[in-house]
file protein.txt (compact mmCIF, C-alpha atoms and all ligand atoms)
# COMPACT_ATOMS: atom_id res chain seq x y z
CA MET A 1 195.53 206.39 203.59
CA VAL A 2 198.76 205.71 201.72
CA LEU A 3 198.72 207.89 198.65
CA ASP A 4 198.68 207.24 194.92
CA PRO A 5 201.96 208.77 193.66
CA HIS A 6 200.58 209.46 190.21
CA ASP A 7 197.55 211.40 191.53
CA PHE A 8 199.83 213.28 193.90
CA MET A 9 202.19 214.19 191.07
CA ALA A 10 199.30 215.50 188.98
CA LYS A 11 197.96 217.51 191.91
CA MET A 12 201.34 219.05 192.72
CA ALA A 13 202.06 219.86 189.05
CA ASP A 14 198.71 221.62 188.94
CA ARG A 15 199.14 223.53 192.20
CA ILE A 16 202.70 224.57 191.42
CA SER A 17 201.81 225.32 187.77
CA PHE A 18 204.43 223.01 186.38
CA THR A 19 203.43 223.56 182.76
CA SER A 20 204.34 222.03 179.41
CA GLU A 21 206.60 225.06 178.84
CA ASP A 22 208.49 224.21 182.04
CA ARG A 23 208.84 220.62 180.86
CA ALA A 24 210.06 221.62 177.42
CA LEU A 25 212.58 224.04 178.88
CA LEU A 26 213.97 221.45 181.28
CA LYS A 27 214.23 218.82 178.56
CA SER A 28 216.08 221.20 176.28
CA SER A 29 218.62 221.73 179.09
CA ALA A 30 218.93 218.06 180.02
CA SER A 31 222.53 217.69 178.91
CA TRP A 32 223.51 220.77 180.90
CA GLY A 33 221.69 219.27 183.90
CA ALA A 34 223.62 216.01 183.60
CA GLU A 35 226.87 217.97 183.23
CA ILE A 36 226.44 220.00 186.44
CA ALA A 37 224.93 217.13 188.47
CA PRO A 38 228.27 215.96 189.97
CA ASP A 39 229.06 219.49 191.11
CA MET A 40 225.59 219.80 192.65
CA ALA A 41 226.17 216.49 194.44
CA ASP A 42 229.43 217.84 195.89
CA ARG A 43 227.70 220.98 197.14
CA PHE A 44 224.87 218.92 198.57
CA TYR A 45 227.05 216.45 200.46
CA SER A 46 229.43 219.06 201.77
CA PHE A 47 226.38 220.88 203.17
CA LEU A 48 225.05 217.69 204.82
CA GLY A 49 228.53 216.87 206.09
CA ARG A 50 228.76 220.17 207.97
CA ASP A 51 225.78 219.22 210.11
CA GLU A 52 226.74 216.84 212.89
CA GLU A 53 223.47 214.92 212.92
CA MET A 54 223.21 214.56 209.15
CA ASN A 55 226.89 213.70 208.85
CA ALA A 56 226.36 210.84 211.28
CA ILE A 57 223.47 209.52 209.17
CA LEU A 58 225.53 209.76 206.00
CA ASN A 59 228.40 207.79 207.45
CA ALA A 60 226.32 205.31 209.43
CA SER A 61 227.20 202.46 207.10
CA GLU A 62 230.12 201.55 204.92
CA GLY A 63 229.89 202.90 201.38
CA ARG A 64 226.64 204.78 202.00
CA ILE A 65 228.04 208.15 201.04
CA HIS A 66 229.37 206.82 197.73
CA ARG A 67 226.07 205.16 196.90
CA LEU A 68 224.27 208.35 197.78
CA ARG A 69 226.47 210.48 195.59
CA GLU A 70 225.55 208.33 192.62
CA THR A 71 221.85 208.28 193.40
CA PHE A 72 221.89 212.05 193.87
CA VAL A 73 223.48 212.57 190.45
CA ASP A 74 220.75 210.42 188.87
CA TRP A 75 218.04 212.20 190.84
CA PHE A 76 219.29 215.60 189.76
CA ALA A 77 219.46 214.64 186.09
CA GLU A 78 215.96 213.14 186.21
CA MET A 79 214.48 216.53 187.07
CA PHE A 80 215.52 217.65 183.58
CA THR A 81 214.41 214.57 181.68
CA GLY A 82 211.16 213.69 183.44
CA MET A 83 212.40 210.08 183.21
CA GLU A 84 211.23 209.39 179.66
CA ASP A 85 207.58 209.51 180.55
CA ASP A 86 207.27 213.27 180.82
CA TRP A 87 207.17 213.46 184.64
CA GLY A 88 204.51 210.74 184.58
CA THR A 89 204.02 207.49 186.46
CA SER A 90 207.61 206.31 186.66
CA TYR A 91 208.75 209.75 187.80
CA ALA A 92 206.03 209.83 190.48
CA ASP A 93 206.78 206.28 191.65
CA ARG A 94 210.46 207.05 191.91
CA ARG A 95 209.82 210.26 193.91
CA TRP A 96 207.48 208.44 196.25
CA ARG A 97 210.08 205.72 196.81
CA ILE A 98 212.74 208.34 197.58
CA GLY A 99 210.32 209.77 200.15
CA LEU A 100 209.72 206.36 201.74
CA ILE A 101 213.44 205.66 202.01
CA HIS A 102 213.98 208.91 203.92
CA VAL A 103 211.10 208.20 206.27
CA ARG A 104 212.56 204.78 207.08
CA ILE A 105 215.91 206.34 207.97
CA GLY A 106 214.13 208.95 210.12
CA ILE A 107 215.01 211.95 207.97
CA GLY A 108 212.29 214.53 208.50
CA PRO A 109 211.32 218.03 207.34
CA GLN A 110 214.01 219.67 209.48
CA HIS A 111 216.66 217.87 207.40
CA VAL A 112 215.06 217.76 203.97
CA VAL A 113 213.82 221.35 203.65
CA PRO A 114 217.24 222.99 204.26
CA ALA A 115 218.83 220.38 201.98
CA MET A 116 216.46 221.26 199.15
CA ALA A 117 217.09 224.95 199.80
CA VAL A 118 220.78 224.25 199.23
CA VAL A 119 220.03 222.52 195.93
CA VAL A 120 217.89 225.45 194.76
CA GLN A 121 220.57 227.93 195.78
CA ALA A 122 223.49 226.02 194.29
CA VAL A 123 221.71 225.52 191.00
CA GLY A 124 220.76 229.21 190.96
CA GLU A 125 224.39 230.20 191.30
CA ARG A 126 225.40 227.99 188.38
CA LEU A 127 222.55 229.31 186.25
CA ARG A 128 223.59 232.90 186.87
CA ALA A 129 227.29 232.21 186.38
CA GLU A 130 226.56 230.67 182.99
CA GLY A 131 224.05 233.26 181.91
CA LYS A 132 221.12 230.84 181.77
CA SER A 133 217.60 232.18 181.62
CA ALA A 134 215.45 233.14 184.58
CA ALA A 135 212.73 230.98 183.03
CA LEU A 136 214.91 227.89 183.39
CA GLN A 137 215.55 228.80 187.00
CA ASP A 138 211.80 229.07 187.60
CA SER A 139 211.14 225.70 186.00
CA LEU A 140 213.84 224.06 188.07
CA SER A 141 212.57 225.63 191.27
CA LYS A 142 209.12 224.27 190.52
CA ILE A 143 210.27 220.71 190.00
CA CYS A 144 212.47 220.92 193.11
CA MET A 145 209.39 221.97 195.11
CA ILE A 146 207.38 219.07 193.67
CA ASP A 147 210.13 216.65 194.67
CA LEU A 148 210.26 218.22 198.11
CA ALA A 149 206.50 217.85 198.44
CA PHE A 150 206.86 214.11 197.76
CA ILE A 151 209.42 213.61 200.52
CA GLU A 152 207.41 215.70 202.98
CA GLN A 153 204.11 214.03 202.13
CA ALA A 154 205.68 210.60 202.51
CA TYR A 155 206.77 211.60 205.98
CA VAL A 156 203.25 212.57 207.02
CA GLU A 157 201.52 209.67 205.29
CA VAL A 158 203.82 206.96 206.51
CA THR A 159 203.87 208.28 210.07
CA ALA A 160 200.07 208.41 210.15
CA ALA A 161 199.67 205.03 208.44
CA ALA A 162 201.99 203.43 210.99
CA VAL A 163 200.00 204.85 213.91
CA LEU A 164 196.71 203.68 212.35
CA LYS A 165 198.11 200.22 211.79
CA GLU A 166 199.38 199.86 215.32
CA THR A 167 196.34 201.32 217.09
CA GLY A 168 193.51 200.18 214.81
CA TRP A 169 192.22 203.77 214.83
CA THR A 170 190.16 204.95 211.89
CA GLU A 171 191.43 207.82 209.78
CA GLY A 172 188.54 209.98 210.96
CA LEU A 173 189.37 209.31 214.59
CA PHE A 174 193.03 210.07 214.02
CA ARG A 175 192.20 213.43 212.42
CA ARG A 176 189.84 214.22 215.28
CA LEU A 177 192.54 213.50 217.85
CA ILE A 178 194.98 215.72 215.97
CA THR A 179 192.44 218.54 215.76
CA SER A 180 191.48 218.35 219.41
CA GLY A 181 195.09 217.90 220.51
CA ALA A 182 196.30 220.78 218.35
CA GLY A 183 193.51 222.92 219.78
CA THR A 184 195.01 222.62 223.25
CA MET A 185 198.56 223.59 222.27
CA MET B 1 167.91 203.37 208.04
CA ALA B 2 168.87 206.49 209.98
CA ILE B 3 170.00 205.98 213.55
CA ASN B 4 167.42 207.18 216.04
CA THR B 5 169.67 209.45 218.12
CA GLU B 6 166.74 210.79 220.09
CA LYS B 7 165.92 207.32 221.33
CA LEU B 8 169.59 206.67 222.09
CA GLY B 9 169.69 209.88 224.11
CA ILE B 10 166.71 208.78 226.16
CA VAL B 11 168.20 205.34 226.84
CA LEU B 12 171.46 206.90 228.00
CA GLN B 13 169.71 209.50 230.13
CA ASN B 14 167.58 206.80 231.79
CA PHE B 15 170.61 204.61 232.36
CA VAL B 16 172.50 207.44 234.05
CA THR B 17 169.62 208.49 236.31
CA ALA B 18 168.37 204.99 237.17
CA THR B 19 171.70 203.29 237.91
CA SER B 20 173.15 204.08 241.30
CA ASP B 21 176.64 205.56 241.39
CA VAL B 22 176.71 206.17 237.64
CA GLN B 23 177.76 209.76 236.90
CA GLY B 24 177.61 209.86 233.15
CA ALA B 25 177.62 207.96 229.88
CA ALA B 26 178.33 208.56 226.23
CA LEU B 27 177.81 206.60 223.05
CA VAL B 28 180.35 207.31 220.34
CA THR B 29 181.22 206.10 216.84
CA PRO B 30 184.52 204.34 216.03
CA ASP B 31 185.52 207.66 214.41
CA GLY B 32 185.15 209.28 217.82
CA LEU B 33 181.98 211.26 217.10
CA PRO B 34 179.36 211.52 219.85
CA LEU B 35 176.05 209.80 219.03
CA ALA B 36 174.48 210.59 222.39
CA ALA B 37 175.90 211.78 225.69
CA SER B 38 174.92 212.49 229.23
CA LEU B 39 178.15 213.57 230.83
CA PRO B 40 178.93 215.46 234.03
CA GLY B 41 179.13 219.24 233.52
CA GLY B 42 182.51 220.55 232.44
CA MET B 43 183.48 217.51 230.39
CA ASP B 44 184.23 218.20 226.75
CA GLU B 45 181.92 215.86 224.85
CA GLU B 46 183.97 215.97 221.64
CA ARG B 47 187.23 215.15 223.35
CA VAL B 48 185.75 212.47 225.57
CA SER B 49 184.24 210.85 222.49
CA ALA B 50 187.48 210.82 220.53
CA MET B 51 189.41 209.46 223.51
CA SER B 52 186.84 206.74 224.17
CA ALA B 53 186.99 205.47 220.59
CA ALA B 54 190.79 205.64 220.65
CA MET B 55 190.99 203.72 223.91
CA LEU B 56 188.63 200.92 222.90
CA SER B 57 190.37 200.42 219.58
CA LEU B 58 193.79 200.40 221.19
CA GLY B 59 192.53 197.97 223.83
CA GLU B 60 191.29 195.64 221.13
CA ARG B 61 194.69 195.76 219.45
CA ILE B 62 196.38 195.02 222.76
CA GLY B 63 193.98 192.11 223.31
CA GLN B 64 195.00 190.69 219.95
CA GLU B 65 198.71 191.28 220.34
CA LEU B 66 198.80 189.75 223.82
CA ALA B 67 196.55 186.86 222.74
CA ARG B 68 193.78 187.79 225.18
CA GLY B 69 191.04 187.08 222.65
CA GLY B 70 188.12 189.41 221.98
CA VAL B 71 187.90 192.34 224.37
CA ASP B 72 184.66 192.61 226.37
CA ARG B 73 185.44 195.89 228.05
CA ILE B 74 188.16 198.35 228.95
CA TYR B 75 188.30 199.28 232.54
CA VAL B 76 189.90 202.42 233.94
CA GLU B 77 190.05 202.42 237.73
CA GLY B 78 191.08 205.70 239.27
CA ASP B 79 190.99 206.82 242.91
CA LYS B 80 187.91 208.90 242.12
CA GLY B 81 185.98 206.25 240.24
CA TYR B 82 185.69 204.14 237.15
CA GLY B 83 185.54 204.64 233.42
CA ILE B 84 184.27 201.63 231.52
CA LEU B 85 184.27 201.24 227.76
CA THR B 86 182.17 198.57 226.10
CA SER B 87 181.78 197.88 222.40
CA CYS B 88 178.22 198.00 221.07
CA GLY B 89 179.01 196.19 217.84
CA GLU B 90 180.72 197.67 214.79
CA ASP B 91 179.15 201.08 214.99
CA ALA B 92 179.40 202.32 218.55
CA VAL B 93 181.27 202.37 221.84
CA LEU B 94 179.63 202.96 225.20
CA LEU B 95 181.49 204.91 227.87
CA VAL B 96 180.19 204.75 231.44
CA LEU B 97 181.54 206.84 234.30
CA ALA B 98 180.87 205.66 237.84
CA ASP B 99 182.07 206.83 241.23
CA GLN B 100 184.26 204.73 243.51
CA LYS B 101 181.30 203.51 245.57
CA ALA B 102 179.85 201.63 242.60
CA LYS B 103 179.42 197.89 243.06
CA GLN B 104 181.22 196.37 240.12
CA GLY B 105 179.02 193.29 239.67
CA VAL B 106 175.84 195.33 239.60
CA LEU B 107 177.41 197.91 237.33
CA MET B 108 178.55 195.31 234.79
CA LEU B 109 175.08 193.80 234.70
CA GLU B 110 173.47 197.18 234.17
CA ILE B 111 175.93 197.98 231.40
CA LYS B 112 175.21 194.65 229.73
CA ARG B 113 171.49 195.47 229.74
CA ALA B 114 172.07 198.96 228.42
CA VAL B 115 174.30 197.62 225.63
CA ALA B 116 171.61 195.14 224.58
CA GLU B 117 169.06 197.93 224.44
CA ILE B 118 171.42 200.20 222.47
CA LYS B 119 172.20 197.44 219.99
CA LEU B 120 168.49 197.02 219.30
CA ILE B 121 168.21 200.70 218.43
CA LEU B 122 171.36 200.66 216.29
CA ASN B 123 170.34 197.64 214.22
C1 LIG C 1 216.82 217.56 198.74
C2 LIG C 1 216.68 216.57 199.54
C3 LIG C 1 217.15 215.16 199.24
C4 LIG C 1 217.18 214.48 198.06
C5 LIG C 1 216.70 214.96 196.72
C6 LIG C 1 217.71 213.16 198.33
C7 LIG C 1 217.88 212.17 197.38
C8 LIG C 1 218.10 210.85 197.70
C9 LIG C 1 218.02 209.74 196.78
C10 LIG C 1 217.72 209.86 195.30
C11 LIG C 1 218.26 208.59 197.46
C12 LIG C 1 218.32 207.18 196.92
C13 LIG C 1 217.02 206.51 197.00
C14 LIG C 1 217.04 205.10 196.41
O1 LIG C 1 217.86 204.29 196.87
O2 LIG C 1 216.22 204.85 195.54
C15 LIG C 1 218.50 208.97 198.84
C16 LIG C 1 218.76 208.10 199.87
C17 LIG C 1 219.24 208.51 201.09
N1 LIG C 1 219.33 209.82 201.55
FE1 LIG C 1 218.68 211.44 200.62
N2 LIG C 1 218.03 213.09 199.66
C18 LIG C 1 217.71 214.29 200.24
C19 LIG C 1 217.91 214.64 201.55
C20 LIG C 1 218.62 213.88 202.44
C21 LIG C 1 219.05 214.33 203.72
C22 LIG C 1 218.79 215.71 204.32
C23 LIG C 1 219.70 213.30 204.30
C24 LIG C 1 220.32 213.33 205.68
C25 LIG C 1 221.44 212.92 206.00
C26 LIG C 1 219.68 212.17 203.35
C27 LIG C 1 220.22 210.93 203.54
C28 LIG C 1 219.95 209.82 202.77
C29 LIG C 1 220.27 208.43 203.13
C30 LIG C 1 220.98 208.00 204.40
C31 LIG C 1 219.80 207.62 202.09
C32 LIG C 1 219.87 206.09 202.00
C33 LIG C 1 221.20 205.63 201.50
C34 LIG C 1 221.35 204.12 201.48
O3 LIG C 1 220.98 203.52 200.47
O4 LIG C 1 221.82 203.60 202.47
N3 LIG C 1 219.02 212.58 202.25
N4 LIG C 1 218.39 210.34 198.95

call {"tool": "encode", "arguments": {"input": "protein.txt", "output": "structure tokens"}}
result
Amino acid sequence: MVLDPHDFMAKMADRISFTSEDRALLKSSASWGAEIAPDMADRFYSFLGRDEEMNAILNASEGRIHRLRETFVDWFAEMFTGMEDDWGTSYADRRWRIGLIHVRIGIGPQHVVPAMAVVVQAVGERLRAEGKSAALQDSLSKICMIDLAFIEQAYVEVTAAAVLKETGWTEGLFRRLITSGAGTM
Amino acid sequence: MAINTEKLGIVLQNFVTATSDVQGAALVTPDGLPLAASLPGGMDEERVSAMSAAMLSLGERIGQELARGGVDRIYVEGDKGYGILTSCGEDAVLLVLADQKAKQGVLMLEIKRAVAEIKLILN
């Protein structure tokens, strides 16, 4: 069941219409992206810090928050560069790994979706304040949604794969149980 | 070769009517799809099938984890009767429902015979 990140990336880019124009626009703004990344990280972590549950996760181990700040800055900048392979295999692998890490820590859709909403909003404010184009905002929103899809899909895939592994159930059986169970809710 | 579901249906039907205290039976795939069923009225065939496959598979995993070896059958004993799951090879699981009066020894023997017959049709 566990997914091929590259196929998933291609499928999401297609569904979200993440075009070559979007890519070109992001690349041309890469230095601006790197410049605002630390500010975005501040906004992001102050948002997470205001939530009791997420704050506890962030401070669960020594130095975690500092490590995270750095990884967030890299992550943010990578959305603009496509990681040197034009949002290809290394980008997809990296996004999938980010997804897996969050699943392991138990961070689910209820945490990640609002967090990504904050990123989209914060970046929108900066774009407007600096008179950047609406087209750039669209391109950024698209890549944010692709990254979000990776984290969400990892959550579903890993949860299901773990159940299959522990129970020996086939994928078909698992889907059938979900369908019949959901039908009774 | 296509599985002869008609023949399977007849075998199950005969098993249910000819074996005393048996109330119903179903043959399902490991994916939880019904191959043939003769269940008491009011039971949801689709759900029963999915649950049967889930239960047998989980039982086999428990057998492994607890070092109980290969699992011959899964036995559910309730105050209204029994539910017995037996593997029929790779492709199917047999569920048998019997009431509380059923004599276990006789029932197990009958199930063994039915499984042998089903396996012949499946192979
Ligand atoms: C927009 C959503 C999010 C993005 C883009 C994001 C980004 C990242 C990245 C890039 C990493 C590093 C992965 C690596 O080591 O390779 C990471 C790890 C982590 N994230 Fe997130 N994250 C998001 C949401 C959240 C939320 C909502 C929480 C909740 C508190 C969270 C907590 C963590 C933790 C605890 C780690 C592991 C840190 C460690 O190494 O100990 N993240 N995240």

call {"tool": "residues_near_ligand", "arguments": {"input": "protein.txt", "ligand": "ligand LIG 1 (chain C)", "cutoff": "7 Å", "atoms": "only C-alpha atoms and all ligand atoms", "output": "number ranges by chain"}}
result
A: 48, 54-55, 57-58, 64, 67-68, 71-72, 75, 97-98, 101-102, 105, 107, 111-113, 115-116, 119, 148

call {"tool": "closest_residue", "arguments": {"input": "protein.txt", "among": "B:Lys101, B:Arg68, B:Arg113, B:Arg47", "to": "Asp31 of chain B", "atoms": "only C-alpha atoms"}}
result
B:Arg47

call {"tool": "interface_residues", "arguments": {"input": "protein.txt", "of": "chain A", "to": "chain B", "cutoff": "8 Å", "atoms": "only C-alpha atoms", "output": "PDB file with C-alpha atoms, keeping the file's coordinate frame"}}
result
ATOM      1  CA  GLU A 166     199.380 199.860 215.320  1.00  0.00           C
ATOM      2  CA  THR A 167     196.340 201.320 217.090  1.00  0.00           C
ATOM      3  CA  GLY A 168     193.510 200.180 214.810  1.00  0.00           C
ATOM      4  CA  TRP A 169     192.220 203.770 214.830  1.00  0.00           C
ATOM      5  CA  THR A 170     190.160 204.950 211.890  1.00  0.00           C
ATOM      6  CA  GLU A 171     191.430 207.820 209.780  1.00  0.00           C
ATOM      7  CA  GLY A 172     188.540 209.980 210.960  1.00  0.00           C
ATOM      8  CA  LEU A 173     189.370 209.310 214.590  1.00  0.00           C
ATOM      9  CA  PHE A 174     193.030 210.070 214.020  1.00  0.00           C
ATOM     10  CA  ARG A 176     189.840 214.220 215.280  1.00  0.00           C
ATOM     11  CA  LEU A 177     192.540 213.500 217.850  1.00  0.00           C
ATOM     12  CA  SER A 180     191.480 218.350 219.410  1.00  0.00           C
TER      13      SER A 180
END

call {"tool": "atom_distance", "arguments": {"input": "protein.txt", "atom1": "atom CA of Val123 of chain A", "atom2": "atom CA of Met40 of chain A"}}
result
7.1 Å

call {"tool": "atom_distance", "arguments": {"input": "protein.txt", "atom1": "atom CA of Ser17 of chain A", "atom2": "atom CA of Leu140 of chain A"}}
result
12.1 Å

call {"tool": "residues_around", "arguments": {"input": "protein.txt", "residues": "Tyr91 of chain A", "least_positions_apart": "6", "cutoff": "10 Å", "atoms": "all atoms listed in the file", "output": "VMD selection string"}}
result
chain A and resid 5 to 6 9 78 to 79 81 to 85 97 147

call {"tool": "closest_residue", "arguments": {"input": "protein.txt", "among": "B:Ala37, B:Ala102, B:Ala92, B:Ala26", "to": "Ile3 of chain B", "atoms": "all atoms listed in the file"}}
result
B:Ala92

call {"tool": "atom_distance", "arguments": {"input": "protein.txt", "atom1": "atom CA of Arg43 of chain A", "atom2": "atom CA of Glu130 of chain A"}}
result
17.2 Å

call {"tool": "axis_aligned_box", "arguments": {"input": "protein.txt", "around": "segment 109-115 of chain B", "padding_each_side": "3 Å", "output": "AutoDock Vina command-line options"}}
result
--center_x 173.7 --center_y 196.4 --center_z 230.2 --size_x 10.4 --size_y 11.2 --size_z 15.1

call {"tool": "residues_around", "arguments": {"input": "protein.txt", "residues": "Gln104 of chain B", "least_positions_apart": "6", "cutoff": "10 Å", "atoms": "only C-alpha atoms", "output": "list in words"}}
result
Tyr82, Ala98 and Glu110 of chain B

call {"tool": "closest_residue", "arguments": {"input": "protein.txt", "among": "A:Arg95, A:Phe76, A:Ala41, A:Asp86", "to": "Ala149 of chain A", "atoms": "only C-alpha atoms"}}
result
A:Arg95

call {"tool": "closest_residue", "arguments": {"input": "protein.txt", "among": "B:Asn4, B:Gln23, B:Gln13, B:Thr86", "to": "Met43 of chain B", "atoms": "only C-alpha atoms"}}
result
B:Gln23

call {"tool": "residues_near_point", "arguments": {"input": "protein.txt", "point": "(185.6, 203.6, 236.0)", "cutoff": "8 Å", "atoms": "all atoms listed in the file", "output": "list in words"}}
result
Tyr75, Val76, Glu77, Gly78, Gly81, Tyr82, Gly83, Ile84, Val96, Leu97, Ala98, Asp99 and Gln100 of chain B

call {"tool": "build_atoms", "arguments": {"input": "protein.txt", "residues": "segment 28-44 of chain B", "atoms": "N, CA, C and O atoms", "output": "PDB file, in the frame of the given file"}}
result
ATOM      1  N   VAL B  28     179.576 206.658 221.392  1.00  0.00           N
ATOM      2  CA  VAL B  28     180.350 207.310 220.340  1.00  0.00           C
ATOM      3  C   VAL B  28     180.622 206.353 219.176  1.00  0.00           C
ATOM      4  O   VAL B  28     180.594 205.142 219.352  1.00  0.00           O
ATOM      5  N   THR B  29     180.904 206.927 218.008  1.00  0.00           N
ATOM      6  CA  THR B  29     181.220 206.100 216.840  1.00  0.00           C
ATOM      7  C   THR B  29     182.699 205.707 216.871  1.00  0.00           C
ATOM      8  O   THR B  29     183.483 206.341 217.580  1.00  0.00           O
ATOM      9  N   PRO B  30     183.096 204.706 216.087  1.00  0.00           N
ATOM     10  CA  PRO B  30     184.520 204.340 216.030  1.00  0.00           C
ATOM     11  C   PRO B  30     185.396 205.499 215.521  1.00  0.00           C
ATOM     12  O   PRO B  30     186.594 205.522 215.758  1.00  0.00           O
ATOM     13  N   ASP B  31     184.788 206.465 214.841  1.00  0.00           N
ATOM     14  CA  ASP B  31     185.520 207.660 214.410  1.00  0.00           C
ATOM     15  C   ASP B  31     185.639 208.681 215.540  1.00  0.00           C
ATOM     16  O   ASP B  31     186.216 209.752 215.352  1.00  0.00           O
ATOM     17  N   GLY B  32     185.042 208.379 216.681  1.00  0.00           N
ATOM     18  CA  GLY B  32     185.150 209.280 217.820  1.00  0.00           C
ATOM     19  C   GLY B  32     184.122 210.402 217.836  1.00  0.00           C
ATOM     20  O   GLY B  32     184.308 211.419 218.511  1.00  0.00           O
ATOM     21  N   LEU B  33     183.037 210.230 217.092  1.00  0.00           N
ATOM     22  CA  LEU B  33     181.980 211.260 217.100  1.00  0.00           C
ATOM     23  C   LEU B  33     180.906 210.880 218.106  1.00  0.00           C
ATOM     24  O   LEU B  33     180.506 209.718 218.173  1.00  0.00           O
ATOM     25  N   PRO B  34     180.409 211.852 218.882  1.00  0.00           N
ATOM     26  CA  PRO B  34     179.360 211.520 219.850  1.00  0.00           C
ATOM     27  C   PRO B  34     178.027 211.223 219.154  1.00  0.00           C
ATOM     28  O   PRO B  34     177.601 211.971 218.285  1.00  0.00           O
ATOM     29  N   LEU B  35     177.389 210.105 219.529  1.00  0.00           N
ATOM     30  CA  LEU B  35     176.050 209.800 219.030  1.00  0.00           C
ATOM     31  C   LEU B  35     175.019 210.319 220.039  1.00  0.00           C
ATOM     32  O   LEU B  35     173.966 210.832 219.683  1.00  0.00           O
ATOM     33  N   ALA B  36     175.339 210.105 221.307  1.00  0.00           N
ATOM     34  CA  ALA B  36     174.480 210.590 222.390  1.00  0.00           C
ATOM     35  C   ALA B  36     175.362 210.679 223.627  1.00  0.00           C
ATOM     36  O   ALA B  36     176.308 209.912 223.775  1.00  0.00           O
ATOM     37  N   ALA B  37     175.062 211.645 224.498  1.00  0.00           N
ATOM     38  CA  ALA B  37     175.900 211.780 225.690  1.00  0.00           C
ATOM     39  C   ALA B  37     175.120 212.378 226.841  1.00  0.00           C
ATOM     40  O   ALA B  37     174.235 213.212 226.641  1.00  0.00           O
ATOM     41  N   SER B  38     175.452 211.906 228.010  1.00  0.00           N
ATOM     42  CA  SER B  38     174.920 212.490 229.230  1.00  0.00           C
ATOM     43  C   SER B  38     176.075 212.499 230.215  1.00  0.00           C
ATOM     44  O   SER B  38     176.255 211.582 231.005  1.00  0.00           O
ATOM     45  N   LEU B  39     176.890 213.525 230.078  1.00  0.00           N
ATOM     46  CA  LEU B  39     178.150 213.570 230.830  1.00  0.00           C
ATOM     47  C   LEU B  39     178.074 214.614 231.940  1.00  0.00           C
ATOM     48  O   LEU B  39     177.304 215.575 231.844  1.00  0.00           O
ATOM     49  N   PRO B  40     178.890 214.441 232.982  1.00  0.00           N
ATOM     50  CA  PRO B  40     178.930 215.460 234.030  1.00  0.00           C
ATOM     51  C   PRO B  40     179.342 216.811 233.443  1.00  0.00           C
ATOM     52  O   PRO B  40     180.118 216.853 232.477  1.00  0.00           O
ATOM     53  N   GLY B  41     178.816 217.892 234.011  1.00  0.00           N
ATOM     54  CA  GLY B  41     179.130 219.240 233.520  1.00  0.00           C
ATOM     55  C   GLY B  41     180.630 219.470 233.500  1.00  0.00           C
ATOM     56  O   GLY B  41     181.358 218.945 234.336  1.00  0.00           O
ATOM     57  N   GLY B  42     181.088 220.218 232.513  1.00  0.00           N
ATOM     58  CA  GLY B  42     182.510 220.550 232.440  1.00  0.00           C
ATOM     59  C   GLY B  42     183.328 219.585 231.604  1.00  0.00           C
ATOM     60  O   GLY B  42     184.475 219.857 231.299  1.00  0.00           O
ATOM     61  N   MET B  43     182.729 218.433 231.250  1.00  0.00           N
ATOM     62  CA  MET B  43     183.480 217.510 230.390  1.00  0.00           C
ATOM     63  C   MET B  43     183.241 217.864 228.935  1.00  0.00           C
ATOM     64  O   MET B  43     182.119 218.125 228.537  1.00  0.00           O
ATOM     65  N   ASP B  44     184.319 217.854 228.167  1.00  0.00           N
ATOM     66  CA  ASP B  44     184.230 218.200 226.750  1.00  0.00           C
ATOM     67  C   ASP B  44     183.784 216.961 225.970  1.00  0.00           C
ATOM     68  O   ASP B  44     184.532 215.996 225.834  1.00  0.00           O
TER      69      ASP B  44
END
